[in-house]
Each structure stands twice: as structure tokens, then as C-alpha cells.
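S.K.: My structure is in input_5.cif, and what it holds is mmCIF, C-alpha atoms and all ligand atoms:
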```
data_entry
#
loop_
_atom_site.label_atom_id
_atom_site.label_comp_id
_atom_site.auth_asym_id
_atom_site.auth_seq_id
_atom_site.Cartn_x
_atom_site.Cartn_y
_atom_site.Cartn_z
CA MET A 20 7.64 -5.09 17.14
CA ILE A 21 8.52 -4.38 13.49
CA ARG A 22 6.25 -1.87 11.72
CA SER A 23 6.33 -0.47 8.23
CA TYR A 24 6.19 3.20 7.37
CA ILE A 25 5.46 5.02 4.15
CA LYS A 26 8.70 6.83 3.41
CA LYS A 27 7.87 8.54 0.13
CA ILE A 28 5.15 8.56 -2.48
CA GLU A 29 5.22 9.94 -6.02
CA PHE A 30 3.18 9.63 -9.20
CA HIS A 31 3.31 10.15 -12.92
CA VAL A 32 0.52 10.95 -15.36
CA PRO A 33 0.95 11.22 -19.14
CA GLU A 34 0.99 14.69 -20.71
CA LYS A 35 -1.84 14.05 -23.15
CA ILE A 36 -5.24 15.26 -21.91
CA ILE A 37 -8.51 14.06 -23.44
CA THR A 38 -11.48 16.21 -22.40
CA ASN A 39 -15.13 15.19 -22.40
CA ASP A 40 -15.64 17.43 -25.44
CA ASP A 41 -12.83 15.57 -27.24
CA LEU A 42 -14.66 12.28 -26.57
CA ALA A 43 -17.95 13.76 -27.74
CA LYS A 44 -16.38 14.29 -31.18
CA LYS A 45 -15.75 10.53 -31.45
CA MET A 46 -18.78 8.95 -29.72
CA ASP A 47 -22.38 9.68 -28.83
CA THR A 48 -21.78 11.36 -25.47
CA SER A 49 -21.56 14.86 -24.00
CA ASP A 50 -19.66 16.84 -21.39
CA GLU A 51 -22.99 17.36 -19.61
CA TRP A 52 -23.69 13.59 -19.34
CA ILE A 53 -20.19 12.68 -18.21
CA THR A 54 -19.78 15.44 -15.61
CA SER A 55 -23.28 15.04 -14.16
CA ARG A 56 -23.07 11.21 -13.92
CA THR A 57 -19.41 10.86 -12.88
CA GLY A 58 -17.77 14.21 -12.06
CA ILE A 59 -15.05 13.42 -14.62
CA GLU A 60 -13.94 16.38 -16.78
CA GLU A 61 -10.80 15.02 -18.40
CA ARG A 62 -8.40 12.07 -18.34
CA ARG A 63 -4.79 11.34 -19.40
CA ILE A 64 -3.82 8.99 -22.21
CA CYS A 65 -0.49 7.15 -22.29
CA HIS A 66 1.60 6.97 -25.46
CA CYS A 67 4.44 4.86 -24.11
CA ASN A 68 4.50 1.53 -22.26
CA PHE A 69 2.94 1.14 -18.83
CA SER A 70 6.39 0.37 -17.40
CA ASP A 71 7.68 3.74 -18.67
CA MET A 72 5.06 5.53 -16.54
CA ALA A 73 5.84 3.25 -13.61
CA LEU A 74 9.56 3.96 -13.98
CA VAL A 75 9.12 7.71 -13.71
CA ALA A 76 6.92 7.37 -10.59
CA SER A 77 9.30 4.80 -9.06
CA ARG A 78 12.49 6.75 -9.75
CA HIS A 79 10.96 9.87 -8.20
CA ALA A 80 9.80 7.92 -5.12
CA LEU A 81 13.23 6.29 -4.67
CA ALA A 82 15.09 9.59 -5.14
CA ALA A 83 12.80 11.37 -2.67
CA ALA A 84 13.31 8.51 -0.19
CA GLY A 85 17.09 8.70 -0.66
CA LEU A 86 17.22 5.03 -1.61
CA GLU A 87 19.33 3.30 -4.25
CA PRO A 88 17.38 0.77 -6.38
CA GLY A 89 19.82 -1.93 -5.22
CA GLU A 90 18.59 -1.50 -1.63
CA LEU A 91 15.06 -2.65 -2.50
CA ASP A 92 14.31 -6.27 -1.61
CA LEU A 93 10.81 -6.45 -3.09
CA ILE A 94 8.76 -4.77 -5.83
CA LEU A 95 4.99 -5.25 -5.78
CA LEU A 96 3.07 -4.03 -8.83
CA GLY A 97 -0.71 -3.57 -8.66
CA CYS A 98 -1.85 -3.44 -12.28
CA LEU A 99 -4.28 -5.21 -14.61
CA THR A 100 -2.90 -3.66 -17.81
CA PRO A 101 0.74 -4.78 -17.73
CA ASP A 102 3.32 -4.43 -20.53
CA SER A 103 3.39 -8.21 -20.73
CA HIS A 104 2.35 -11.32 -18.84
CA CYS A 105 5.66 -13.10 -19.34
CA PRO A 106 8.00 -11.70 -18.22
CA ASN A 107 5.88 -10.12 -15.56
CA THR A 108 5.92 -6.33 -15.61
CA ALA A 109 7.35 -5.97 -12.09
CA SER A 110 10.52 -7.61 -13.42
CA ILE A 111 10.62 -5.26 -16.42
CA ILE A 112 10.46 -2.35 -13.97
CA ALA A 113 13.02 -3.95 -11.63
CA ASP A 114 15.49 -4.37 -14.49
CA ALA A 115 15.02 -0.81 -15.77
CA LEU A 116 15.48 0.57 -12.24
CA GLY A 117 18.54 -1.59 -11.64
CA ALA A 118 16.88 -3.19 -8.59
CA ARG A 119 19.10 -6.27 -8.72
CA ASN A 120 18.32 -7.46 -5.19
CA ALA A 121 14.54 -7.25 -5.39
CA ALA A 122 11.96 -9.97 -5.93
CA ALA A 123 9.32 -8.75 -8.39
CA ILE A 124 5.62 -9.65 -8.17
CA ASP A 125 2.62 -8.55 -10.27
CA ILE A 126 -0.69 -8.31 -8.38
CA ASN A 127 -3.76 -8.35 -10.58
CA SER A 128 -6.63 -7.21 -8.40
CA ALA A 129 -7.76 -4.31 -10.61
CA CYS A 130 -8.59 -1.01 -8.88
CA THR A 131 -7.66 -2.41 -5.46
CA GLY A 132 -4.17 -3.42 -6.72
CA PHE A 133 -2.38 -0.62 -4.88
CA LEU A 134 -4.17 -1.19 -1.57
CA TYR A 135 -3.71 -4.96 -1.83
CA GLY A 136 0.00 -4.35 -2.59
CA LEU A 137 0.42 -1.97 0.34
CA HIS A 138 -1.27 -4.49 2.63
CA ILE A 139 0.95 -7.37 1.41
CA GLY A 140 4.16 -5.29 1.51
CA THR A 141 3.39 -3.90 4.97
CA ASN A 142 2.76 -7.35 6.38
CA LEU A 143 5.86 -8.85 4.76
CA ILE A 144 7.89 -6.10 6.44
CA ARG A 145 6.15 -6.76 9.76
CA THR A 146 7.14 -10.43 9.64
CA GLY A 147 10.77 -9.48 9.05
CA ALA A 148 10.81 -11.18 5.63
CA HIS A 149 11.46 -7.90 3.77
CA LYS A 150 12.86 -4.51 4.72
CA LYS A 151 12.58 -2.08 1.81
CA VAL A 152 9.66 -2.48 -0.54
CA LEU A 153 8.46 -0.51 -3.55
CA VAL A 154 4.69 -0.70 -4.05
CA ILE A 155 3.47 0.51 -7.44
CA GLY A 156 -0.14 1.00 -8.52
CA GLY A 157 -1.20 2.14 -11.95
CA GLU A 158 -2.80 1.41 -15.24
CA PHE A 159 -2.53 1.83 -19.02
CA ILE A 160 -6.22 1.15 -19.34
CA SER A 161 -6.77 3.16 -22.53
CA HIS A 162 -4.79 0.43 -24.33
CA TYR A 163 -7.40 -2.15 -23.34
CA MET A 164 -10.45 0.03 -23.97
CA ASN A 165 -13.26 -0.70 -26.39
CA TRP A 166 -13.72 2.87 -27.61
CA ALA A 167 -17.04 1.91 -29.23
CA LYS A 168 -18.59 1.40 -25.76
CA ARG A 169 -19.45 4.84 -24.44
CA ASP A 170 -20.73 3.57 -21.08
CA VAL A 171 -17.20 2.36 -20.20
CA ALA A 172 -14.86 4.39 -22.42
CA VAL A 173 -15.64 7.75 -20.82
CA LEU A 174 -14.82 6.53 -17.30
CA PHE A 175 -11.14 5.61 -17.39
CA GLY A 176 -7.69 7.18 -17.76
CA ASP A 177 -4.00 6.29 -17.43
CA ALA A 178 -1.73 7.03 -14.44
CA CYS A 179 0.74 5.44 -12.06
CA GLY A 180 1.94 6.01 -8.50
CA ALA A 181 4.68 4.44 -6.36
CA VAL A 182 5.49 4.33 -2.65
CA VAL A 183 8.58 3.27 -0.76
CA ILE A 184 7.83 1.48 2.51
CA GLU A 185 10.46 0.55 5.07
CA ALA A 186 10.81 -1.22 8.38
CA THR A 187 10.54 0.92 11.52
CA ASN A 188 9.82 0.45 15.22
CA GLU A 189 7.26 3.25 15.37
CA GLU A 190 3.52 2.68 15.14
CA THR A 191 2.95 4.28 11.75
CA GLY A 192 2.30 3.41 8.11
CA LEU A 193 -0.62 1.18 7.17
CA LEU A 194 -1.88 0.44 10.68
CA THR A 195 -4.53 -2.01 9.62
CA ALA A 196 -6.39 -3.16 6.53
CA SER A 197 -9.55 -5.02 5.65
CA ILE A 198 -9.59 -6.59 2.20
CA GLY A 199 -11.95 -8.98 0.47
CA CYS A 200 -13.69 -9.99 -2.73
CA GLU A 201 -17.33 -10.36 -3.81
CA SER A 202 -16.41 -13.12 -6.24
CA ASP A 203 -20.07 -14.07 -6.81
CA ALA A 204 -20.30 -10.85 -8.89
CA LYS A 205 -16.97 -11.31 -10.68
CA TYR A 206 -18.46 -10.79 -14.15
CA ALA A 207 -19.97 -7.40 -13.29
CA ILE A 208 -16.67 -6.00 -14.60
CA GLN A 209 -15.05 -8.20 -17.21
CA ILE A 210 -12.46 -7.71 -19.95
CA THR A 211 -13.16 -10.44 -22.47
CA ASN A 212 -11.00 -12.19 -25.09
CA LEU A 213 -7.90 -11.81 -22.98
CA GLY A 214 -6.60 -14.92 -21.25
CA SER A 215 -6.30 -18.66 -21.77
CA SER A 216 -10.02 -19.40 -21.28
CA TYR A 217 -10.69 -17.73 -24.64
CA SER A 218 -10.19 -19.62 -27.89
CA ARG A 219 -7.26 -18.50 -30.02
CA MET A 220 -8.89 -20.03 -33.09
CA THR A 221 -11.45 -17.28 -33.73
CA ASP A 222 -11.11 -13.73 -35.03
CA ASP A 223 -12.75 -12.51 -31.80
CA PHE A 224 -9.53 -13.30 -29.96
CA LEU A 225 -8.01 -10.23 -31.56
CA TYR A 226 -10.47 -7.84 -29.93
CA VAL A 227 -10.63 -7.26 -26.20
CA ASP A 228 -14.04 -6.12 -25.03
CA TRP A 229 -15.78 -5.13 -21.81
CA ASN A 230 -18.82 -6.29 -19.88
CA PHE A 231 -19.63 -3.58 -17.37
CA GLU A 232 -22.73 -3.53 -15.17
CA GLY A 233 -22.38 0.07 -14.03
CA GLN A 234 -25.34 0.33 -11.67
CA GLU A 235 -24.63 -3.00 -9.98
CA VAL A 236 -20.99 -2.02 -9.46
CA PHE A 237 -22.03 1.41 -8.16
CA LYS A 238 -24.27 -0.05 -5.45
CA ARG A 239 -21.79 -2.72 -4.40
CA ALA A 240 -18.87 -0.21 -4.39
CA VAL A 241 -20.59 2.11 -1.92
CA LYS A 242 -21.68 -0.71 0.36
CA ALA A 243 -18.39 -2.63 0.37
CA MET A 244 -16.13 0.42 0.79
CA ALA A 245 -18.31 1.71 3.64
CA GLN A 246 -18.19 -1.68 5.38
CA ALA A 247 -14.41 -1.95 4.87
CA CYS A 248 -13.93 1.55 6.34
CA GLU A 249 -16.02 0.63 9.36
CA ASN A 250 -13.98 -2.59 9.78
CA VAL A 251 -10.65 -0.75 9.95
CA LEU A 252 -11.97 2.03 12.19
CA GLU A 253 -13.26 -0.58 14.60
CA LYS A 254 -9.98 -2.55 14.52
CA GLN A 255 -8.06 0.63 15.42
CA ASN A 256 -10.67 1.84 17.90
CA LEU A 257 -11.13 5.09 15.95
CA SER A 258 -14.17 6.98 14.74
CA VAL A 259 -14.65 8.98 11.54
CA SER A 260 -14.07 12.22 13.46
CA ASP A 261 -10.47 11.06 14.14
CA ILE A 262 -9.79 10.86 10.39
CA LYS A 263 -8.08 13.88 8.84
CA LEU A 264 -8.70 12.80 5.28
CA VAL A 265 -10.28 9.92 3.40
CA VAL A 266 -8.39 9.13 0.19
CA PRO A 267 -10.72 6.78 -1.66
CA HIS A 268 -10.54 5.09 -5.04
CA GLN A 269 -11.64 7.69 -7.59
CA ALA A 270 -14.22 6.04 -9.87
CA ASN A 271 -17.14 8.42 -9.74
CA LYS A 272 -17.84 11.58 -7.68
CA ARG A 273 -21.35 10.29 -6.95
CA ILE A 274 -19.85 7.12 -5.40
CA LEU A 275 -17.62 9.29 -3.18
CA ASP A 276 -20.60 11.41 -2.09
CA ALA A 277 -22.65 8.29 -1.31
CA LEU A 278 -19.73 6.77 0.64
CA ALA A 279 -19.29 9.98 2.66
CA LYS A 280 -23.01 10.06 3.48
CA ARG A 281 -23.09 6.39 4.45
CA ILE A 282 -20.22 6.57 6.95
CA GLY A 283 -20.94 10.12 8.15
CA LEU A 284 -18.04 12.08 6.69
CA ASP A 285 -17.93 15.83 6.07
CA GLU A 286 -17.39 16.81 2.45
CA ASN A 287 -13.99 18.36 3.32
CA GLN A 288 -12.80 15.03 4.78
CA VAL A 289 -12.88 13.36 1.35
CA PHE A 290 -10.13 13.93 -1.22
CA VAL A 291 -11.42 14.19 -4.79
CA ASN A 292 -9.42 14.43 -8.01
CA VAL A 293 -11.57 12.24 -10.28
CA HIS A 294 -12.44 15.35 -12.34
CA LYS A 295 -8.80 15.56 -13.54
CA TYR A 296 -7.88 11.95 -14.24
CA GLY A 297 -11.05 9.81 -14.36
CA ASN A 298 -10.79 6.30 -12.97
CA THR A 299 -7.16 5.19 -13.26
CA SER A 300 -7.88 1.90 -11.46
CA ALA A 301 -4.88 0.89 -9.32
CA GLY A 302 -3.41 4.36 -9.91
CA THR A 303 -6.13 6.38 -8.18
CA ILE A 304 -5.05 6.06 -4.54
CA PRO A 305 -1.29 6.68 -4.90
CA VAL A 306 -1.96 9.64 -7.22
CA ALA A 307 -4.57 11.07 -4.83
CA LEU A 308 -2.31 10.52 -1.79
CA THR A 309 0.57 12.38 -3.46
CA GLU A 310 -1.67 15.27 -4.49
CA ALA A 311 -3.18 15.47 -0.99
CA LEU A 312 0.36 15.80 0.40
CA GLU A 313 1.36 18.37 -2.22
CA GLU A 314 -1.76 20.40 -1.38
CA SER A 315 -0.87 20.21 2.36
CA LYS A 316 -4.15 18.44 3.10
CA ILE A 317 -2.31 15.80 5.11
CA HIS A 318 0.72 15.88 7.39
CA PRO A 319 2.83 13.26 9.12
CA GLY A 320 0.93 11.94 12.13
CA ASP A 321 -2.56 12.41 10.64
CA TYR A 322 -4.93 9.47 10.48
CA LEU A 323 -5.90 8.70 6.87
CA LEU A 324 -8.44 6.27 5.56
CA MET A 325 -8.13 4.67 2.12
CA ALA A 326 -10.90 2.66 0.48
CA SER A 327 -11.05 0.87 -2.83
CA PHE A 328 -13.26 -1.28 -5.03
CA GLY A 329 -12.80 -2.90 -8.43
CA ALA A 330 -13.03 -5.87 -10.74
CA GLY A 331 -13.20 -9.21 -8.98
CA LEU A 332 -15.13 -7.62 -7.33
CA THR A 333 -12.27 -6.84 -4.99
CA TRP A 334 -12.62 -4.35 -2.13
CA GLY A 335 -10.57 -3.01 0.71
CA ALA A 336 -9.82 -0.23 3.16
CA GLY A 337 -6.77 0.74 5.19
O1 LIG B 1 -13.35 1.16 -10.69
C1 LIG B 1 -14.29 0.12 -10.70
C2 LIG B 1 -15.52 0.61 -10.13
N1 LIG B 1 -16.36 1.20 -11.16
C3 LIG B 1 -17.34 1.93 -10.79
O2 LIG B 1 -17.47 2.15 -9.62
C4 LIG B 1 -18.37 2.43 -11.79
C5 LIG B 1 -19.71 2.35 -11.14
N2 LIG B 1 -20.83 2.81 -12.00
C6 LIG B 1 -21.00 4.09 -12.33
O3 LIG B 1 -20.19 4.94 -12.02
C7 LIG B 1 -22.26 4.46 -13.07
O4 LIG B 1 -23.17 3.39 -13.03
C8 LIG B 1 -22.02 4.88 -14.54
C9 LIG B 1 -21.30 6.23 -14.58
C10 LIG B 1 -21.17 3.83 -15.23
C11 LIG B 1 -23.34 5.03 -15.28
O5 LIG B 1 -24.18 5.98 -14.63
P1 LIG B 1 -25.75 5.66 -14.45
O6 LIG B 1 -26.34 6.83 -13.81
O7 LIG B 1 -25.82 4.34 -13.70
O8 LIG B 1 -26.24 5.56 -15.94
P2 LIG B 1 -26.98 4.35 -16.66
O9 LIG B 1 -26.03 3.23 -16.85
O10 LIG B 1 -28.25 4.08 -15.93
O11 LIG B 1 -27.32 4.97 -18.07
C12 LIG B 1 -28.29 6.00 -18.18
C13 LIG B 1 -28.43 6.36 -19.63
C14 LIG B 1 -28.67 5.19 -20.56
O12 LIG B 1 -29.61 5.62 -21.55
P3 LIG B 1 -31.16 5.23 -21.44
O13 LIG B 1 -31.19 3.72 -21.46
O14 LIG B 1 -31.64 5.79 -20.15
O15 LIG B 1 -31.76 5.86 -22.65
C15 LIG B 1 -27.35 4.96 -21.22
O16 LIG B 1 -27.44 4.39 -22.50
O17 LIG B 1 -27.23 7.00 -20.10
C16 LIG B 1 -26.81 6.36 -21.32
N3 LIG B 1 -25.37 6.43 -21.40
C17 LIG B 1 -24.71 7.49 -21.90
N4 LIG B 1 -25.15 8.63 -22.46
C18 LIG B 1 -24.22 9.52 -22.85
C19 LIG B 1 -24.46 5.53 -20.94
N5 LIG B 1 -23.22 5.98 -21.16
C20 LIG B 1 -23.35 7.20 -21.75
C21 LIG B 1 -22.42 8.16 -22.20
N6 LIG B 1 -22.91 9.29 -22.73
N7 LIG B 1 -21.10 8.00 -22.09
#
```
Let's see the structure in the file written out as C-alpha cells.
M.R.:
Amino acid sequence: MIRSYIKKIEFHVPEKIITNDDLAKKMDTSDEWITSRTGIEERRICHCNFSDMALVASRHALAAAGLEPGELDLILLGCLTPDSHCPNTASIIADALGARNAAAIDINSACTGFLYGLHIGTNLIRTGAHKKVLVIGGEFISHYMNWAKRDVAVLFGDACGAVVIEATNEETGLLTASIGCESDAKYAIQITNLGSSYSRMTDDFLYVDWNFEGQEVFKRAVKAMAQACENVLEKQNLSVSDIKLVVPHQANKRILDALAKRIGLDENQVFVNVHKYGNTSAGTIPVALTEALEESKIHPGDYLLMASFGAGLTWGAG
């Protein structure tokens, strides 16, 4: 039976750091409010294109995996803040990498984009349709921010991660996943004035904006991620005590604490880096996975659990 294993994972974050105190100089907020409500202390801000960040992460992942770009047969990009819609940004990255033999697909499922991509790539490898796949997850969300909205602007940051997955016969990699979407609540997170449902004949078209129902999203995120985690544990006949580390989407430290409590995890089983980067949407899991490896918190053979939640409202665990 063909399986898919995670050969290498790398990430890139921009150099520029914006602290909570920096934000407090520009809007009516404070370090005390942001840290106590979210756990976020600082975030990174991109000054190049999204694809430039993605290229650095991808080149590092390919080099570490010992793979030439020409060997890739598929690139999957989880991202809702692409360089452009046409051409899609996966093809911009493919061209810059020199991945001439790869199909290139953008996946817009917001914060779950990386997990959705890993699930799709893994299963395409399992069917035999593809052999060497690059899955990228990241965001240039500061570009799309309404900086006048303090309830949203303080939450996000820019980052990108990339993994190389390959066919293998061993039982490893993403063993199972459970993904879904609470589409009835799709407008709980909404970027407006971007897309063909908005009129191009008004001045409003020039200004993207956000609708963000923070408390509603908070409650749904905890519930859906907990349920998704339980789904995958049950499918694999595992319990939380078998899990070395949970690497969840990093949106808010309070969400991670509530998730841990709900599914019965110890604090040291949950990886947290939201204080350093804020919510980087599709970037959070690959960045956190790489840092967990670098910090020797995980080793080959360990069972990991990933969980995510985002606009759509998409959810998943693996
Ligand atoms: O990745 C996608 C998933 N996203 C998420 O999971 C985000 C989920 N939601 C959350 O993390 C939280 O709901 C927030 C961090 C967004 C908000 O925390 P909260 O504890 O739910 O705060 P709140 O919305 O109830 O706001 C409390 C107060 C309000 O003032 P009043 O009405 O009580 O006077 C807000 O106006 O805090 C005020 N406020 C702020 N004050 C200072 C809102 N934003 C800020 C701010 N600085 N940045």
C-alpha cells in the first residue's frame, strides 16, 4: 500500500517585528489588552510579495529534502492572500523554483489551508497519482488588513512554511485526517470588497474590509477543533496519552488552553508560539511544526496531532 511521508519542513518569517507597543502608538489598544486576551506579544510584517516568502521556505525545504525542483510533480498552496488570482500564485512559485514538471494549485481555505493541502497531497500520493509534492501554507495578511479595526488588526501576522511529502511503503506521514466546514457561519470571518460579487462601480471597491465575530469564532473554534481531534484519534485507535505533541493552529493562547482542557491534554503536550508571530493563518501549523522539530520537542516516530480552524468556517485535524 502506498503511503506518504513528510520528508522535510521549513519556514520563513519576515525580519520586521511589530510589537504590541508599536501598535498601541497607532491605534487605541495596549500591550496589556492584547497579551491578556490573545497571548500575542509581537508579529512579523512582510515587505515583499507573498511568493517571495514562499520561495525561501520552499527552497529550504527542497534543499533539506535533497530534491531538485524538477522532481516535484505537484505544488499545493494553502493561502488566502495570494500575489495574484490570475495567474494563480502556486504557478508563480513553481516558475520561480524552476519546478517545470509540477502541476500548481492554489487552495483558499484560510487558516486550514495547510492542513487541507497536506490532506489532499497525502491522498493524491496514496492513490499513486503523484509522487513528490510540495505543500505550502502561509499568508501576507497584513496587506489585506484594515488597520483602523483594532479588534482584528492586532491578531494577525505574516509567515510561510513548506513541506515536501513523498511516496513510501511505511505507515508514516499524515495517517488520517478529518476536515469539514461550518458553512452556515461563513460570514463570521469575512474580507469584504474583494471578489466578483462586489460592484466595481463604487469607491468602496478600492477598500478591503473585515467582518469578524470574534466571540462566535472563538466558541466554534474550540468545539470544532476538539471534535476533529477526537475523530482522528478514534480513526487511528489512539488516545490523547499516545500523542507526543499537539501542534494546533495558533490564533489565540486562550483557544489553545480551552482546546487542551476540552480534550484532556497536559499543558506540555501543546506547542505554542502565538506570542511570537500572532495568527499567520495557513502559516501557523508549518511554522509551529518546524519550530517544534528545531526545539527537539518531536522526533521521527512520535504521534503528533494537528488541528485547525478558520474562515469558511473551515476546520480540520490530522
Ligand atoms: O484564525 C481564525 C480564527 N480566529 C480566531 O480564532 C479568533 C477568535 N476570537 C478571539 O480570539 C477573541 O474573541 C478576540 C481576541 C478576537 C477578542 O477577545 P474577547 O475577549 O472576545 O473580546 P471582546 O470582543 O469581547 O471585546 C472586549 C472589549 C470590547 O470593549 P467593550 O465593548 O467591552 O467596552 C472591545 O471593544 O475589548 C475591546 N477591544 C479592544 N480593546 C483594546 C477589542 N479589540 C481591542 C483591542 N484593544 N485591540
S.K.: What residues of the protein or nucleic acid chains come within 7 Å of ligand LIG 1 (chain B) when you use only C-alpha atoms and all ligand atoms? Reply as a list in words.
M.R.: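 Those residues are Asp47, Thr48, Ser49, Trp52, Ile53, Arg56, Thr57, Cys130, Arg169, Asp170, Val171, Val173, Gly233, Gln234, Val236, Phe237, Ala240, Ala270, Asn271, Ile274, Asn298, Ser300, Phe328, Gly329 and Ala330 of chain A.
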S.K.: Separation of CA of Ser327 (chain A) and CA of Ala115 (chain A), in Å?
M.R.: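 Atom-to-atom, CA of Ser327 (chain A) to CA of Ala115 (chain A), that is 29.2 Å.
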S.K.: Quick one: everything within 12 Å of Ser23 (chain A), counting all atoms listed in the file, minus sequence neighbours fewer than 5 positions away in the same chain. Send it as an MDAnalysis selection string.
M.R.: chainID A and resid 137:153 182:195
S.K.: For Gly157 (chain A), work out the shell of residues within 6 Å, counting all atoms listed in the file and skipping chain neighbours fewer than 4 positions away, then give it as a short mmCIF file (atom, residue, chain, number, x, y, z; two decimals) with C-alpha atoms, keeping the file's coordinate frame.
M.R.:
```cif
data_model
loop_
_atom_site.label_atom_id
_atom_site.label_comp_id
_atom_site.auth_asym_id
_atom_site.auth_seq_id
_atom_site.Cartn_x
_atom_site.Cartn_y
_atom_site.Cartn_z
CA CYS A 98 -1.85 -3.44 -12.28
CA ALA A 178 -1.73 7.03 -14.44
CA CYS A 179 0.74 5.44 -12.06
CA ALA A 301 -4.88 0.89 -9.32
CA GLY A 302 -3.41 4.36 -9.91
#
```
S.K.: Select, from A:Val291, A:Leu332, A:Leu95, A:Ala123, the residue with the minimum atom-to-atom distance to Gly180 (chain A), counting all atoms listed in the file.
M.R.: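 Closest candidate: A:Leu95.
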S.K.: Would you list the contacts of region 308-310 of chain A as an mmCIF file with C-alpha atoms, in the frame of the given file, taking every protein, DNA or RNA residue within 8 Å and counting only C-alpha atoms, but skipping same-chain residues closer than 6 positions in sequence?
M.R.:
```cif
data_model
loop_
_atom_site.group_PDB
_atom_site.id
_atom_site.type_symbol
_atom_site.label_atom_id
_atom_site.label_comp_id
_atom_site.auth_asym_id
_atom_site.auth_seq_id
_atom_site.Cartn_x
_atom_site.Cartn_y
_atom_site.Cartn_z
ATOM 1 C CA ILE A 28 5.150 8.560 -2.480
ATOM 2 C CA GLU A 29 5.220 9.940 -6.020
ATOM 3 C CA PHE A 30 3.180 9.630 -9.200
ATOM 4 C CA VAL A 266 -8.390 9.130 0.190
#
```
S.K.: Figure out the distance between CA of Met164 (chain A) and CA of Gly199 (chain A), please, to one decimal in Å.
M.R.: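 Atom-to-atom, CA of Gly199 (chain A) to CA of Met164 (chain A), that is 26.1 Å.
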S.K.: Rounded to one decimal in Å, what is the spacing between CA of Thr100 (chain A) and CA of Gly132 (chain A)?
M.R.: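 Computing it gives 11.2 Å between the two atoms.
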S.K.: Taking 6 positions as the minimum chain separation for residues in the same chain, which residues sit within 7 Å of Pro267 (chain A) when counting all atoms listed in the file? Answer as a list in words.
M.R.: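 Near neighbours after the sequence-gap exclusion: Ile304, Met325, Ala326 and Ser327 of chain A.
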S.K.: Find, counting all atoms listed in the file, the residue in A:Leu81, A:Phe159, A:Ile64, A:Lys168 that gets nearest to Ser103 (chain A).
M.R.: A:Phe159
S.K.: Using the incomplete input, complete region 27-33 of chain A to the level of all heavy atoms; output as a compact mmCIF listing (two decimals), in the coordinates of the input.
M.R.:
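The resulting file, result_4.txt, is shown below:
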```
# COMPACT_ATOMS: atom_id res chain seq x y z
N LYS A 27 8.12 7.54 1.17
CA LYS A 27 7.87 8.54 0.13
C LYS A 27 6.84 8.01 -0.84
O LYS A 27 6.70 6.80 -1.03
CB LYS A 27 9.15 8.86 -0.65
CG LYS A 27 10.08 9.80 0.07
CD LYS A 27 9.49 11.20 0.19
CE LYS A 27 10.33 12.02 1.18
NZ LYS A 27 9.70 13.26 1.58
N ILE A 28 6.15 8.94 -1.47
CA ILE A 28 5.15 8.56 -2.48
C ILE A 28 5.21 9.57 -3.63
O ILE A 28 5.36 10.77 -3.39
CB ILE A 28 3.75 8.47 -1.86
CG1 ILE A 28 2.70 8.14 -2.91
CG2 ILE A 28 3.34 9.72 -1.11
CD1 ILE A 28 1.46 7.50 -2.37
N GLU A 29 5.16 9.07 -4.84
CA GLU A 29 5.22 9.94 -6.02
C GLU A 29 4.31 9.36 -7.10
O GLU A 29 3.91 8.20 -7.01
CB GLU A 29 6.65 10.03 -6.57
CG GLU A 29 7.64 10.73 -5.66
CD GLU A 29 7.48 12.25 -5.62
OE1 GLU A 29 6.83 12.80 -6.54
OE2 GLU A 29 7.98 12.87 -4.66
N PHE A 30 4.00 10.16 -8.11
CA PHE A 30 3.18 9.63 -9.20
C PHE A 30 3.59 10.23 -10.53
O PHE A 30 4.33 11.22 -10.59
CB PHE A 30 1.69 9.87 -8.95
CG PHE A 30 1.23 11.29 -9.20
CD1 PHE A 30 0.63 11.64 -10.41
CD2 PHE A 30 1.37 12.27 -8.23
CE1 PHE A 30 0.18 12.94 -10.64
CE2 PHE A 30 0.94 13.57 -8.46
CZ PHE A 30 0.34 13.90 -9.67
N HIS A 31 3.10 9.60 -11.58
CA HIS A 31 3.31 10.15 -12.92
C HIS A 31 2.03 9.99 -13.74
O HIS A 31 1.42 8.92 -13.73
CB HIS A 31 4.46 9.43 -13.63
CG HIS A 31 4.66 9.92 -15.03
ND1 HIS A 31 5.15 11.17 -15.32
CD2 HIS A 31 4.38 9.35 -16.23
CE1 HIS A 31 5.19 11.34 -16.62
NE2 HIS A 31 4.73 10.25 -17.20
N VAL A 32 1.62 11.07 -14.40
CA VAL A 32 0.52 10.95 -15.36
C VAL A 32 1.03 11.40 -16.73
O VAL A 32 1.86 12.30 -16.81
CB VAL A 32 -0.72 11.81 -14.97
CG1 VAL A 32 -1.42 11.23 -13.75
CG2 VAL A 32 -0.37 13.27 -14.74
N PRO A 33 0.52 10.80 -17.80
CA PRO A 33 0.95 11.22 -19.14
C PRO A 33 0.55 12.67 -19.41
O PRO A 33 -0.40 13.18 -18.81
CB PRO A 33 0.19 10.27 -20.08
CG PRO A 33 -0.34 9.18 -19.23
CD PRO A 33 -0.46 9.71 -17.84
```
